[in-house]
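Down below is the structure, laid out as structure tokens.
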Amino acid sequence: MISPKFAPMLFAFILSGLASFLVSGLSTWRATASSEGFFSLWMSSWIPSWCIAFPVIFGMAPIVRKIVATVTRQD
């Protein structure tokens with residue numbers, strides 16, 4: 001099992017992977033109109049996207065949490 005101290009990093013890793021997977025897939029599909037070789041084009045755009053998305057999400061998550069806490073009502 002993974003230690004809880006790694007939870008923020010694991011959260012960013014999974015979220016960035018899913019988000020970049022979906023966005024790069026949609027963008028690739030729209031750009032290529034589902035041409036032959038779509039999957040390889042998608043994967044070749046997803047991996048670099050994930051490499052960018054992971055550190056951005058990991059770095060921005062604490063800032064976003066503070067913004068959300070500021071704009072939401074605390075009971």
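Residues in the structure tokens are named by chain (A, B, ... in the order shown) and by number from 1 within that chain; ligands are numbered from 1 in the order shown.
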Excluding same-chain residues fewer than 4 positions from Phe54 in chain A, what lies within 6 Å of it counting only C-alpha atoms, as a list in words?
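These residues fall inside the cut-off: Phe13, Ser16, Trp50 and Phe58 of chain A.
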Just to be explicit: take each residue in the selection above, keep C-alpha atoms, and write the result as a PDB file, in the first residue's frame.
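Written output follows (again.pdb):
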```
ATOM      1  CA  PHE A  13      -0.611  11.932 -11.104  1.00  0.00           C
ATOM      2  CA  SER A  16      -3.300  14.790 -14.804  1.00  0.00           C
ATOM      3  CA  TRP A  50       0.875  14.313 -19.366  1.00  0.00           C
ATOM      4  CA  PHE A  58       0.872  19.105  -8.625  1.00  0.00           C
TER       5      PHE A  58
END
```
Among the residues of chain A, find those DSSP assigns to helix (DSSP H, G or I) from the backbone and print them as an MDAnalysis selection string.
chainID A and resid 4:32 38:71
Å distance separating CA of Ile57 in chain A from CA of Met1 in chain A, one decimal place:
23.2 Å
From the list A:Leu26, A:Ile2, A:Leu10, A:Leu15, which residue is nearest Leu41 in chain A when using only C-alpha atoms?
A:Leu26
Contact residues around Val23 in chain A with only C-alpha atoms at 12 Å, ignoring same-chain residues under 2 positions, as a list in words:
Ser16, Gly17, Leu18, Ala19, Ser20, Phe21, Gly25, Leu26, Ser27, Thr28, Trp29, Arg30, Trp42, Met43, Ser45, Trp46, Ile47, Ser49, Trp50 and Ala53 of chain A
Identify which of the residues A:Ile67, A:Arg73, A:Ala12, A:Thr32 lies closest to Cys51 in chain A, counting only C-alpha atoms when measuring atom-to-atom distances.
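Using only C-alpha atoms, the shortest distance to Cys51 in chain A belongs to A:Ala12.
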Correct to one decimal, the distance CA of Phe38 in chain A-CA of Ser24 in chain A is 11.3 Å
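Computed from the coordinates, the CA of Gly59 in chain A to CA of Asp75 in chain A distance equals 27.9 Å.
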